[in-house]
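Okay, query38.cif is below, mmCIF, C-alpha atoms and all ligand atoms:
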```cif
data_run
loop_
_atom_site.label_atom_id
_atom_site.label_comp_id
_atom_site.auth_asym_id
_atom_site.auth_seq_id
_atom_site.Cartn_x
_atom_site.Cartn_y
_atom_site.Cartn_z
CA MET A 1 45.33 204.36 221.06
CA ASN A 2 46.84 202.01 223.63
CA PHE A 3 47.75 203.06 227.14
CA THR A 4 51.47 203.42 226.49
CA LYS A 5 50.92 205.48 223.41
CA LYS A 6 48.51 207.71 225.30
CA MET A 7 51.03 208.26 228.06
CA MET A 8 53.72 208.99 225.55
CA THR A 9 51.60 211.56 223.82
CA ALA A 10 50.74 213.10 227.15
CA ALA A 11 54.36 213.25 228.26
CA LEU A 12 55.50 214.83 225.04
CA ALA A 13 52.54 217.17 224.90
CA LEU A 14 53.42 218.34 228.38
CA ALA A 15 57.00 218.80 227.26
CA ALA A 16 56.02 220.63 224.10
CA SER A 17 53.56 222.93 225.85
CA ALA A 18 56.24 224.16 228.22
CA ALA A 19 59.04 224.31 225.71
CA HIS A 20 59.39 227.18 223.28
CA SER A 21 62.63 227.00 221.39
CA ALA A 22 65.34 226.61 223.96
CA ASP A 23 69.08 226.79 223.33
CA LEU A 24 70.44 223.49 224.55
CA GLU A 25 74.11 223.29 225.28
CA VAL A 26 75.29 219.72 224.71
CA THR A 27 78.71 218.63 225.95
CA HIS A 28 80.57 215.62 224.53
CA TRP A 29 84.07 214.59 223.49
CA TRP A 30 83.35 213.77 219.89
CA THR A 31 85.97 215.86 218.13
CA SER A 32 87.66 213.53 215.64
CA GLY A 33 86.42 213.71 212.03
CA GLY A 34 84.21 210.63 212.29
CA GLU A 35 82.89 211.58 215.72
CA ALA A 36 82.06 215.13 214.65
CA LYS A 37 80.08 213.77 211.73
CA ALA A 38 78.11 211.51 214.05
CA ALA A 39 77.47 214.35 216.52
CA ALA A 40 76.21 216.44 213.60
CA ALA A 41 73.67 213.71 212.78
CA PHE A 42 72.24 214.07 216.29
CA ALA A 43 72.30 217.87 216.11
CA LYS A 44 70.36 217.67 212.85
CA ALA A 45 67.80 215.28 214.32
CA VAL A 46 67.23 217.58 217.30
CA THR A 47 67.06 220.74 215.22
CA GLU A 48 64.70 219.23 212.67
CA GLY A 49 62.59 217.27 215.15
CA THR A 50 62.05 220.01 217.76
CA ASP A 51 61.94 223.79 218.04
CA HIS A 52 65.18 223.78 219.95
CA THR A 53 68.76 224.50 219.03
CA TRP A 54 71.65 222.10 219.68
CA VAL A 55 74.44 224.36 220.92
CA ASP A 56 77.50 222.26 220.42
CA GLY A 57 79.73 222.05 223.47
CA ALA A 58 82.39 219.67 222.13
CA ILE A 59 85.35 219.34 224.49
CA ALA A 60 88.61 218.56 222.71
CA GLY A 61 90.60 215.59 223.90
CA SER A 62 89.42 212.26 225.14
CA GLY A 63 86.84 211.24 227.71
CA GLY A 64 89.59 211.47 230.31
CA THR A 65 89.89 215.21 229.64
CA ALA A 66 86.22 215.91 229.13
CA ARG A 67 84.65 214.01 232.03
CA PRO A 68 86.24 216.02 234.88
CA ILE A 69 85.21 219.25 233.12
CA ILE A 70 81.63 218.02 232.64
CA ILE A 71 81.35 216.73 236.20
CA SER A 72 82.82 219.83 237.81
CA ARG A 73 80.43 222.09 235.89
CA ILE A 74 77.45 220.07 237.13
CA LEU A 75 78.77 219.97 240.69
CA GLY A 76 79.60 223.67 240.54
CA GLY A 77 76.06 224.71 239.63
CA ASP A 78 76.75 225.49 235.96
CA PRO A 79 74.97 222.57 234.28
CA MET A 80 74.70 222.11 230.53
CA ALA A 81 71.33 221.00 229.12
CA ALA A 82 72.64 217.58 228.13
CA THR A 83 75.87 215.68 228.20
CA GLN A 84 77.39 212.56 226.76
CA LEU A 85 79.02 210.15 229.20
CA ASN A 86 79.72 206.44 228.91
CA HIS A 87 76.80 204.53 230.27
CA GLY A 88 77.61 202.52 233.33
CA ARG A 89 78.88 203.88 236.58
CA GLN A 90 80.41 207.21 235.58
CA ALA A 91 77.44 209.31 236.70
CA GLU A 92 76.61 207.26 239.79
CA GLU A 93 77.65 209.93 242.29
CA LEU A 94 75.94 212.74 240.39
CA ILE A 95 72.71 210.75 240.34
CA GLU A 96 72.99 209.98 244.04
CA ALA A 97 73.46 213.69 244.68
CA GLY A 98 70.17 214.39 242.87
CA LEU A 99 71.85 216.31 240.06
CA MET A 100 70.55 214.29 237.09
CA THR A 101 67.05 214.47 235.67
CA ASP A 102 64.90 211.40 236.21
CA LEU A 103 63.74 210.16 232.79
CA THR A 104 61.64 207.26 234.10
CA GLU A 105 58.25 208.59 233.03
CA LEU A 106 59.40 209.28 229.51
CA ALA A 107 61.13 205.89 229.31
CA GLU A 108 57.98 204.14 230.46
CA ALA A 109 55.70 206.17 228.24
CA GLU A 110 57.81 205.38 225.20
CA GLY A 111 58.36 201.76 226.20
CA TRP A 112 62.18 201.91 226.10
CA ALA A 113 62.35 198.60 227.96
CA ASP A 114 60.52 196.93 225.07
CA PHE A 115 63.04 197.81 222.39
CA VAL A 116 66.38 198.60 224.01
CA ASN A 117 68.64 195.69 223.16
CA PRO A 118 70.43 194.29 225.06
CA THR A 119 68.60 195.21 228.25
CA ALA A 120 71.96 195.73 229.98
CA LEU A 121 72.06 199.15 228.30
CA LEU A 122 68.95 200.35 230.05
CA ASP A 123 70.05 198.73 233.29
CA SER A 124 73.20 200.81 233.06
CA CYS A 125 71.05 203.95 232.95
CA THR A 126 68.99 202.79 235.92
CA LEU A 127 69.66 203.36 239.60
CA ASP A 128 67.26 202.15 242.28
CA GLY A 129 64.65 201.43 239.63
CA ARG A 130 64.75 204.93 238.08
CA VAL A 131 66.11 205.76 234.61
CA TYR A 132 68.62 208.62 234.41
CA CYS A 133 70.06 208.41 230.93
CA VAL A 134 69.18 207.57 227.39
CA PRO A 135 71.58 205.03 225.88
CA VAL A 136 72.49 205.96 222.30
CA ASN A 137 74.86 203.27 221.09
CA ILE A 138 76.84 200.14 221.79
CA HIS A 139 80.55 200.70 221.37
CA SER A 140 82.83 197.79 222.00
CA ALA A 141 86.55 197.87 222.59
CA GLN A 142 87.82 194.43 221.57
CA TRP A 143 88.82 195.16 217.97
CA LEU A 144 92.04 194.86 215.99
CA TRP A 145 92.08 197.17 212.92
CA LEU A 146 94.48 196.21 210.14
CA SER A 147 95.87 198.11 207.16
CA HIS A 148 95.81 196.13 203.92
CA ASP A 149 98.41 198.45 202.40
CA ALA A 150 100.88 197.82 205.19
CA PHE A 151 100.70 194.04 204.88
CA GLU A 152 100.73 194.10 201.09
CA SER A 153 103.82 196.22 200.97
CA ALA A 154 105.57 193.75 203.28
CA GLY A 155 104.46 190.92 201.00
CA LEU A 156 102.23 189.38 203.65
CA ASP A 157 98.66 188.20 203.92
CA VAL A 158 96.45 190.25 206.21
CA PRO A 159 96.53 188.41 209.56
CA SER A 160 93.37 186.76 210.78
CA ASN A 161 94.15 187.01 214.47
CA TRP A 162 96.47 188.60 217.04
CA ASN A 163 98.97 185.71 217.01
CA GLU A 164 99.45 186.01 213.25
CA PHE A 165 99.76 189.76 213.69
CA VAL A 166 102.62 189.34 216.19
CA ALA A 167 104.33 186.84 213.88
CA ALA A 168 104.08 189.30 210.96
CA ALA A 169 105.58 192.21 212.88
CA PRO A 170 109.28 191.72 211.96
CA ALA A 171 108.48 191.81 208.24
CA LEU A 172 106.56 195.06 208.73
CA GLN A 173 109.45 196.54 210.68
CA GLU A 174 111.88 195.68 207.88
CA LYS A 175 109.78 197.86 205.61
CA GLY A 176 109.85 200.72 208.13
CA ILE A 177 106.23 200.14 209.12
CA VAL A 178 105.28 200.46 212.79
CA PRO A 179 103.56 197.18 213.68
CA LEU A 180 101.19 198.54 216.31
CA ALA A 181 99.85 202.09 216.33
CA MET A 182 99.23 203.22 219.89
CA GLY A 183 98.22 206.59 221.29
CA GLN A 184 100.19 207.30 224.44
CA GLN A 185 97.23 207.69 226.80
CA GLY A 186 96.25 205.38 229.66
CA TRP A 187 92.70 204.78 228.46
CA GLN A 188 93.93 203.60 225.05
CA GLN A 189 96.63 201.41 226.59
CA ASN A 190 93.99 200.00 228.92
CA ILE A 191 91.76 199.14 225.96
CA ALA A 192 94.66 197.18 224.47
CA PHE A 193 95.31 195.47 227.82
CA ALA A 194 91.65 194.49 228.20
CA ALA A 195 91.36 193.22 224.62
CA LEU A 196 94.58 191.22 225.01
CA THR A 197 93.28 189.78 228.28
CA ILE A 198 90.21 188.33 226.65
CA ALA A 199 92.28 187.06 223.73
CA VAL A 200 94.87 185.42 225.99
CA VAL A 201 92.90 184.03 228.95
CA GLY A 202 89.40 183.78 227.49
CA VAL A 203 86.12 185.12 228.74
CA ASP A 204 85.65 182.98 231.86
CA THR A 205 88.93 183.90 233.49
CA TRP A 206 88.47 187.55 232.45
CA ARG A 207 85.07 187.47 234.12
CA GLN A 208 86.53 186.13 237.39
CA VAL A 209 88.77 189.17 237.62
CA THR A 210 86.82 191.99 236.01
CA VAL A 211 83.31 191.10 237.07
CA GLU A 212 83.86 189.08 240.25
CA LYS A 213 87.01 191.03 241.23
CA ASN A 214 88.98 187.96 242.23
CA ALA A 215 92.44 189.32 243.10
CA ASP A 216 93.98 185.83 243.40
CA VAL A 217 93.19 185.07 239.78
CA ALA A 218 94.52 188.52 238.84
CA ALA A 219 97.79 187.65 240.59
CA GLY A 220 97.90 184.08 239.26
CA PRO A 221 99.67 182.23 236.43
CA GLU A 222 96.95 182.68 233.77
CA TYR A 223 97.04 186.45 234.14
CA ALA A 224 100.85 186.40 234.10
CA LYS A 225 100.51 185.49 230.40
CA VAL A 226 98.45 188.63 229.81
CA PHE A 227 101.14 190.88 231.23
CA GLU A 228 103.76 189.11 229.10
CA ALA A 229 101.57 189.73 226.05
CA VAL A 230 101.45 193.43 226.92
CA VAL A 231 105.24 193.53 227.15
CA ASP A 232 105.35 192.06 223.62
CA ALA A 233 102.75 194.52 222.36
CA ARG A 234 104.68 197.38 223.99
CA LYS A 235 107.68 196.48 221.83
CA LEU A 236 105.53 196.47 218.70
CA ALA A 237 104.31 199.96 219.55
CA GLU A 238 107.75 201.37 220.42
CA ASP A 239 107.91 203.62 217.38
CA SER A 240 104.36 204.87 217.60
CA ASN A 241 104.70 208.40 218.89
CA VAL A 242 101.18 209.80 218.57
CA GLN A 243 98.90 210.77 221.43
CA ASP A 244 95.33 210.90 220.17
CA TRP A 245 93.53 207.68 219.25
CA ASN A 246 92.43 209.02 215.89
CA LEU A 247 96.01 209.89 214.95
CA ALA A 248 96.89 206.27 215.68
CA THR A 249 93.97 205.18 213.47
CA ASN A 250 95.33 207.49 210.81
CA MET A 251 98.63 205.60 210.86
CA VAL A 252 96.64 202.47 209.93
CA ILE A 253 94.61 204.32 207.30
CA THR A 254 97.79 205.60 205.64
CA GLY A 255 99.65 202.28 205.91
CA LYS A 256 102.27 203.71 208.27
CA ALA A 257 101.22 201.13 210.85
CA GLY A 258 100.06 197.55 210.51
CA GLY A 259 97.27 197.71 213.04
CA GLN A 260 95.65 199.29 216.06
CA ILE A 261 93.73 197.84 218.99
CA MET A 262 90.84 200.25 219.44
CA GLY A 263 87.12 200.52 219.96
CA ASP A 264 84.76 200.41 217.00
CA TRP A 265 84.58 204.22 216.91
CA ALA A 266 87.76 203.82 214.80
CA GLN A 267 85.37 202.91 212.04
CA GLY A 268 84.14 206.49 211.77
CA GLU A 269 87.70 207.51 210.77
CA PHE A 270 87.99 204.82 208.08
CA ALA A 271 84.61 205.93 206.78
CA ILE A 272 85.50 209.59 206.35
CA ALA A 273 88.78 208.53 204.71
CA GLU A 274 86.54 206.61 202.28
CA GLN A 275 88.17 203.30 203.05
CA VAL A 276 86.17 200.15 202.52
CA ALA A 277 86.02 197.41 205.14
CA GLY A 278 87.32 194.14 203.72
CA GLU A 279 89.12 195.95 200.87
CA ASP A 280 91.28 198.65 202.42
CA TYR A 281 91.19 197.50 206.00
CA THR A 282 90.10 194.55 208.09
CA CYS A 283 88.53 194.57 211.51
CA LEU A 284 88.87 191.60 213.83
CA PRO A 285 86.44 191.53 216.75
CA GLY A 286 87.91 189.83 219.80
CA MET A 287 91.32 190.19 218.10
CA GLY A 288 90.29 187.29 215.88
CA LEU A 289 90.66 184.87 218.80
CA ASN A 290 87.54 185.18 220.92
CA GLU A 291 84.66 186.75 219.03
CA VAL A 292 83.04 188.82 221.73
CA ILE A 293 82.19 192.47 222.15
CA ASP A 294 81.32 194.47 225.22
CA THR A 295 78.21 196.53 225.74
CA GLY A 296 79.96 199.80 226.51
CA GLY A 297 79.05 202.97 224.73
CA ASP A 298 77.53 206.35 225.15
CA ALA A 299 74.48 207.74 226.83
CA PHE A 300 73.06 211.20 227.31
CA TYR A 301 72.34 212.55 230.76
CA PHE A 302 70.34 215.67 231.46
CA PRO A 303 71.53 217.65 234.48
CA VAL A 304 68.80 219.08 236.68
CA VAL A 305 68.12 222.69 235.72
CA ASP A 306 65.87 225.36 237.24
CA ASP A 307 64.39 226.45 233.95
CA LEU A 308 61.09 224.65 233.18
CA GLU A 309 61.37 225.28 229.46
CA VAL A 310 64.80 223.73 229.31
CA LYS A 311 63.56 220.84 231.41
CA ALA A 312 60.78 220.13 228.95
CA ALA A 313 63.19 220.48 226.04
CA GLN A 314 65.53 217.97 227.67
CA LEU A 315 62.78 215.34 227.53
CA GLU A 316 62.11 216.10 223.91
CA MET A 317 65.78 215.71 223.13
CA ALA A 318 65.97 212.37 224.96
CA SER A 319 63.01 211.14 222.95
CA ILE A 320 64.62 212.17 219.63
CA LEU A 321 68.03 210.62 220.41
CA ILE A 322 66.50 207.18 220.87
CA SER A 323 64.10 207.49 217.93
CA LYS A 324 64.51 205.05 215.04
CA GLU A 325 65.59 207.69 212.51
CA ALA A 326 68.20 209.32 214.74
CA GLN A 327 69.55 205.92 215.79
CA VAL A 328 70.18 204.89 212.19
CA ALA A 329 71.74 208.19 211.07
CA PHE A 330 73.94 208.57 214.13
CA ASN A 331 75.19 204.99 214.43
CA LEU A 332 76.04 204.58 210.75
CA ALA A 333 78.34 207.61 211.06
CA LYS A 334 79.70 206.61 214.45
CA GLY A 335 80.59 202.99 213.71
CA SER A 336 78.60 201.89 216.75
CA LEU A 337 75.64 199.56 216.96
CA PRO A 338 72.19 201.01 217.64
CA VAL A 339 70.51 200.49 221.00
CA ARG A 340 67.25 199.42 219.36
CA GLY A 341 66.62 195.88 218.29
CA ASP A 342 63.80 196.99 215.99
CA ILE A 343 65.57 198.87 213.20
CA ASP A 344 66.90 197.85 209.83
CA LEU A 345 70.65 198.19 209.46
CA SER A 346 71.11 196.36 206.18
CA THR A 347 73.20 199.28 204.90
CA ALA A 348 75.79 198.77 207.63
CA ASN A 349 79.29 197.82 206.44
CA ASP A 350 81.22 194.61 206.96
CA CYS A 351 82.51 195.52 210.43
CA MET A 352 79.15 196.62 211.78
CA GLN A 353 77.62 193.44 210.37
CA LYS A 354 80.19 191.41 212.31
CA GLY A 355 79.25 193.31 215.47
CA LEU A 356 75.53 192.87 214.85
CA LYS A 357 76.01 189.14 214.39
CA ILE A 358 77.95 188.79 217.64
CA LEU A 359 75.22 190.79 219.37
CA ALA A 360 72.50 188.57 217.90
CA ASP A 361 74.43 185.46 218.98
CA GLY A 362 74.65 186.83 222.51
CA GLY A 363 78.45 187.16 222.58
CA VAL A 364 78.35 190.27 224.74
CA LEU A 365 80.19 191.22 227.90
CA PRO A 366 79.77 194.10 230.30
CA SER A 367 82.16 197.02 229.68
CA GLY A 368 84.72 198.34 232.15
CA ASP A 369 82.43 201.31 232.86
CA GLN A 370 79.62 198.91 233.68
CA ASN A 371 81.77 196.71 235.93
CA LEU A 372 84.02 199.06 237.78
CA SER A 373 83.65 202.35 239.61
CA ALA A 374 85.10 205.40 237.88
CA ASP A 375 87.80 205.47 240.56
CA THR A 376 88.91 201.87 239.92
CA GLN A 377 88.89 202.46 236.17
CA THR A 378 91.13 205.49 236.60
CA GLN A 379 93.60 203.57 238.77
CA ILE A 380 93.89 200.84 236.13
CA GLU A 381 94.30 203.41 233.34
CA ASP A 382 97.04 205.19 235.31
CA LEU A 383 98.85 201.90 235.84
CA MET A 384 98.60 201.09 232.13
CA ALA A 385 99.96 204.52 231.18
CA GLU A 386 103.02 203.82 233.33
CA PHE A 387 103.40 200.20 232.22
CA TRP A 388 103.30 201.01 228.51
CA ALA A 389 105.55 204.05 228.75
CA SER A 390 108.33 202.52 230.86
CA ASP A 391 110.29 199.32 231.16
CA MET A 392 108.17 198.13 234.10
CA THR A 393 108.32 194.33 234.20
CA ALA A 394 105.29 192.14 233.57
CA GLU A 395 105.63 190.87 237.12
CA ASP A 396 105.57 194.33 238.72
CA ALA A 397 102.62 195.44 236.63
CA GLN A 398 100.70 192.29 237.51
CA GLY A 399 101.36 192.78 241.23
CA ARG A 400 100.08 196.36 241.11
CA TYR A 401 97.09 195.35 239.03
CA ALA A 402 96.14 192.57 241.47
CA SER A 403 96.17 194.99 244.36
CA ILE A 404 93.87 197.40 242.49
CA VAL A 405 91.53 194.46 241.87
CA ALA A 406 91.67 193.53 245.57
CA ASP A 407 90.43 197.03 246.50
CA ALA A 408 88.07 197.44 243.54
CA ASP A 409 84.50 198.56 244.14
C1 LIG A 501 84.60 206.60 224.10
C2 LIG A 501 83.23 206.88 223.53
C3 LIG A 501 83.22 206.80 222.07
C4 LIG A 501 84.39 207.52 221.44
C5 LIG A 501 85.69 207.25 222.16
C6 LIG A 501 86.87 208.07 221.66
O1 LIG A 501 84.60 206.84 225.48
O2 LIG A 501 82.34 205.92 224.03
O3 LIG A 501 82.01 207.32 221.59
O4 LIG A 501 84.10 208.84 221.39
O5 LIG A 501 85.55 207.46 223.53
O6 LIG A 501 86.65 209.44 221.74
#
```
Starting from the coordinates I provided, produce the structure as structure tokens.
Ligand code: GAL
Amino acid sequence: MNFTKKMMTAALALAASAAHSADLEVTHWWTSGGEAKAAAAFAKAVTEGTDHTWVDGAIAGSGGTARPIIISRILGGDPMAATQLNHGRQAEELIEAGLMTDLTELAEAEGWADFVNPTALLDSCTLDGRVYCVPVNIHSAQWLWLSHDAFESAGLDVPSNWNEFVAAAPALQEKGIVPLAMGQQGWQQNIAFAALTIAVVGVDTWRQVTVEKNADVAAGPEYAKVFEAVVDARKLAEDSNVQDWNLATNMVITGKAGGQIMGDWAQGEFAIAEQVAGEDYTCLPGMGLNEVIDTGGDAFYFPVVDDLEVKAAQLEMASILISKEAQVAFNLAKGSLPVRGDIDLSTANDCMQKGLKILADGGVLPSGDQNLSADTQTQIEDLMAEFWASDMTAEDAQGRYASIVADAD
């Protein structure tokens, strides 16, 4: 037995010796059909792989609703055993306050650094050299999802990029089809803004603003084109009156809308509706213009608890969530890519294969949660909610955006 393996066995033996079947409350915001199925795959892995019980603490709504609830419970001394958050900077303050369990020993014992791919995922769980979360997937947000039914009924070919999509919109509208499905929530409108940005200005200019926080570029002529593109997209989404992202996906599934700009979790909804990628719907990473994906996604954090048994059980759960078996079962249901580079995903569908190829080719970018503080993200999402829901001009929105970038941390 090598050293790492020995340490791993020791760490888990320690965990197991202290832990006798604990009830582990797990909070997350996976409440759509596809998400619930993926969460159930994790619950099964934990229940079958340990003596503990996954007590499901799903919080209805989006991350924007769930995160403040999760954070205030931890701050208020009522921690859950484990919680989903997006990996990146969302838990930064909780970690700094000493409220999250340090997983470094387990991560080292199990050699997470050797198989987590790309390494940015583990970096996003690490603060001052210590690991505080277990990354469970890569979810990217630069995808255009298209309904074959919608385009067929308008007598059109399925577009192969955003520009063709915009050109096809009038023909869809003539048939009473909403071109762009859009849930009326700032985080969804911000996803569309960010995906359009990369499509319109390309990765290098996007990087200058989002990674380097260059407010002059944000206020400049290249970015002006992005805000014009949003004004166009806003018109295409005028008749989309749903709120939740999965209801917008459902408009695409049922052919009521031509397409949706959304993260690859949309795939979980197509899957439970038994739609087949490439036959019933098409997914275009990078909106078909710039084939890149970001390395956003989900991670589990384990709030510090007094109870030693729960503490030991938390480590066991972390170990299971990143195990090969759980990674395959969960990610196939979720539509996300696994965090391990050492598992076989040959059963993944067309869209996941596209994502895996981009990942293998290195076409990855940091996500908003990795680049920006939670506060900056919220300011941008609030601006997008206002921009999409009003007749705010491209110029005004750009000015406000540039000043957020100027103050971004
Ligand atoms: C994201 C999360 C995904 C998915 C999505 C919509 O924040 O990373 O897993 O759940 O929200 O709920």
Could you pull out the residues sitting within 10 Å of ligand LIG 501 (chain A), using all atoms listed in the file, and write them as a CSV table (one decimal) with C-alpha atoms, keeping the file's coordinate frame?
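After the write, selection.csv holds the following:
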```csv
chain,number,residue,atom,x,y,z
A,28,HIS,CA,80.6,215.6,224.5
A,29,TRP,CA,84.1,214.6,223.5
A,30,TRP,CA,83.4,213.8,219.9
A,31,THR,CA,86.0,215.9,218.1
A,32,SER,CA,87.7,213.5,215.6
A,34,GLY,CA,84.2,210.6,212.3
A,35,GLU,CA,82.9,211.6,215.7
A,36,ALA,CA,82.1,215.1,214.6
A,38,ALA,CA,78.1,211.5,214.0
A,39,ALA,CA,77.5,214.4,216.5
A,60,ALA,CA,88.6,218.6,222.7
A,61,GLY,CA,90.6,215.6,223.9
A,62,SER,CA,89.4,212.3,225.1
A,63,GLY,CA,86.8,211.2,227.7
A,64,GLY,CA,89.6,211.5,230.3
A,66,ALA,CA,86.2,215.9,229.1
A,67,ARG,CA,84.6,214.0,232.0
A,84,GLN,CA,77.4,212.6,226.8
A,85,LEU,CA,79.0,210.2,229.2
A,86,ASN,CA,79.7,206.4,228.9
A,87,HIS,CA,76.8,204.5,230.3
A,136,VAL,CA,72.5,206.0,222.3
A,137,ASN,CA,74.9,203.3,221.1
A,138,ILE,CA,76.8,200.1,221.8
A,139,HIS,CA,80.6,200.7,221.4
A,140,SER,CA,82.8,197.8,222.0
A,141,ALA,CA,86.6,197.9,222.6
A,187,TRP,CA,92.7,204.8,228.5
A,188,GLN,CA,93.9,203.6,225.0
A,244,ASP,CA,95.3,210.9,220.2
A,245,TRP,CA,93.5,207.7,219.2
A,246,ASN,CA,92.4,209.0,215.9
A,262,MET,CA,90.8,200.2,219.4
A,263,GLY,CA,87.1,200.5,220.0
A,264,ASP,CA,84.8,200.4,217.0
A,265,TRP,CA,84.6,204.2,216.9
A,266,ALA,CA,87.8,203.8,214.8
A,268,GLY,CA,84.1,206.5,211.8
A,296,GLY,CA,80.0,199.8,226.5
A,297,GLY,CA,79.0,203.0,224.7
A,298,ASP,CA,77.5,206.4,225.2
A,299,ALA,CA,74.5,207.7,226.8
A,334,LYS,CA,79.7,206.6,214.4
A,335,GLY,CA,80.6,203.0,213.7
A,336,SER,CA,78.6,201.9,216.8
A,369,ASP,CA,82.4,201.3,232.9
```
Excluding Ala120 in chain A and any residue of its chain fewer than 2 positions from it, enumerate the residues within 10 Å of it, using all atoms listed in the file, and give them as number ranges by chain. A: 88, 116-118, 122-126, 295-296, 364-366, 370
Would you output that residue set with C-alpha atoms, as an mmCIF file, in the frame of the given file?
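Done, and the output landed in selection.cif:
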```cif
data_model
loop_
_atom_site.group_PDB
_atom_site.id
_atom_site.type_symbol
_atom_site.label_atom_id
_atom_site.label_comp_id
_atom_site.auth_asym_id
_atom_site.auth_seq_id
_atom_site.Cartn_x
_atom_site.Cartn_y
_atom_site.Cartn_z
ATOM 1 C CA GLY A 88 77.610 202.520 233.330
ATOM 2 C CA VAL A 116 66.380 198.600 224.010
ATOM 3 C CA ASN A 117 68.640 195.690 223.160
ATOM 4 C CA PRO A 118 70.430 194.290 225.060
ATOM 5 C CA LEU A 122 68.950 200.350 230.050
ATOM 6 C CA ASP A 123 70.050 198.730 233.290
ATOM 7 C CA SER A 124 73.200 200.810 233.060
ATOM 8 C CA CYS A 125 71.050 203.950 232.950
ATOM 9 C CA THR A 126 68.990 202.790 235.920
ATOM 10 C CA THR A 295 78.210 196.530 225.740
ATOM 11 C CA GLY A 296 79.960 199.800 226.510
ATOM 12 C CA VAL A 364 78.350 190.270 224.740
ATOM 13 C CA LEU A 365 80.190 191.220 227.900
ATOM 14 C CA PRO A 366 79.770 194.100 230.300
ATOM 15 C CA GLN A 370 79.620 198.910 233.680
#
```
Edge lengths and centre in Å, axis-aligned, range 23-41 of chain A plus 3 Å each side, as JSON:
```
{"center_x": 78.4, "center_y": 218.7, "center_z": 218.8, "size_x": 24.6, "size_y": 22.2, "size_z": 20.2}
```
Ranking A:Ile253, A:Ala82, A:Val55, A:Ala195 by minimum distance to Val276 in chain A and counting all atoms listed in the file, which one comes first?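 Comparing A:Ile253, A:Ala82, A:Val55, A:Ala195 against Val276 in chain A, the winner is A:Ile253.
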Show which residues sit within 8 Å of Tyr132 in chain A, as an mmCIF file with C-alpha atoms, in the coordinates of the input. Count all atoms listed in the file, and ignore same-chain residues fewer than 6 positions away.
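Output file part27.cif follows:
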```cif
data_model
loop_
_atom_site.group_PDB
_atom_site.id
_atom_site.type_symbol
_atom_site.label_atom_id
_atom_site.label_comp_id
_atom_site.auth_asym_id
_atom_site.auth_seq_id
_atom_site.Cartn_x
_atom_site.Cartn_y
_atom_site.Cartn_z
ATOM 1 C CA ILE A 95 72.710 210.750 240.340
ATOM 2 C CA MET A 100 70.550 214.290 237.090
ATOM 3 C CA THR A 101 67.050 214.470 235.670
ATOM 4 C CA ASP A 102 64.900 211.400 236.210
ATOM 5 C CA LEU A 103 63.740 210.160 232.790
ATOM 6 C CA THR A 104 61.640 207.260 234.100
ATOM 7 C CA CYS A 125 71.050 203.950 232.950
ATOM 8 C CA THR A 126 68.990 202.790 235.920
ATOM 9 C CA TYR A 301 72.340 212.550 230.760
ATOM 10 C CA PHE A 302 70.340 215.670 231.460
#
```
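If you look at CA of Gly202 in chain A and CA of Trp388 in chain A, they are 22.2 Å away from each other.
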Kindly assemble as a Markdown table a list of the range 188-248 of chain A residues that lie within 10 Å of range 150-164 of chain A, each paired with its nearest atom pair and their distance in Å to one decimal, using all atoms listed in the file, sorted first by chain and then by ascending residue number.
```
| residue | atom | partner | partner_atom | distance |
| --- | --- | --- | --- | --- |
| A:Leu196 | CA | A:Trp162 | CA | 8.6 |
| A:Ala199 | CA | A:Trp162 | CA | 8.0 |
| A:Val200 | CA | A:Trp162 | CA | 9.6 |
```
* To one decimal place, how far is CA of Ser240 in chain A from CA of Gln173 in chain A in Å? ->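 Computed distance, CA of Ser240 in chain A to CA of Gln173 in chain A, equals 12.0 Å.
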Work out how far apart CA of Ser403 in chain A and CA of Pro68 in chain A are and give it in Å to one decimal.
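Those two atoms sit 25.1 Å apart.
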Can you tell me, as a list in words, which residues sit within 10 Å of (68.1, 210.1, 214.7) in the file's frame, using all atoms listed in the file?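 All residues meeting the 10 Å criterion around (68.1, 210.1, 214.7) are Ala41, Phe42, Ala43, Lys44, Ala45, Val46, Glu48, Gly49, Val136, Ser319, Ile320, Leu321, Ile322, Ser323, Lys324, Glu325, Ala326, Gln327, Val328, Ala329, Phe330 and Asn331 of chain A.
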Which residues are close to range 352-359 of chain A, i.e. within 7 Å by only C-alpha atoms, leaving aside same-chain residues fewer than 3 positions away? Reply as a ChimeraX atom specification. /A:292,335,337,348-349,362-364
### Query
Leaving out Thr210 in chain A and any residue of its chain fewer than 2 positions from it, which residues lie within 8 Å of it when counting all atoms listed in the file, given as a count of residues only?
10
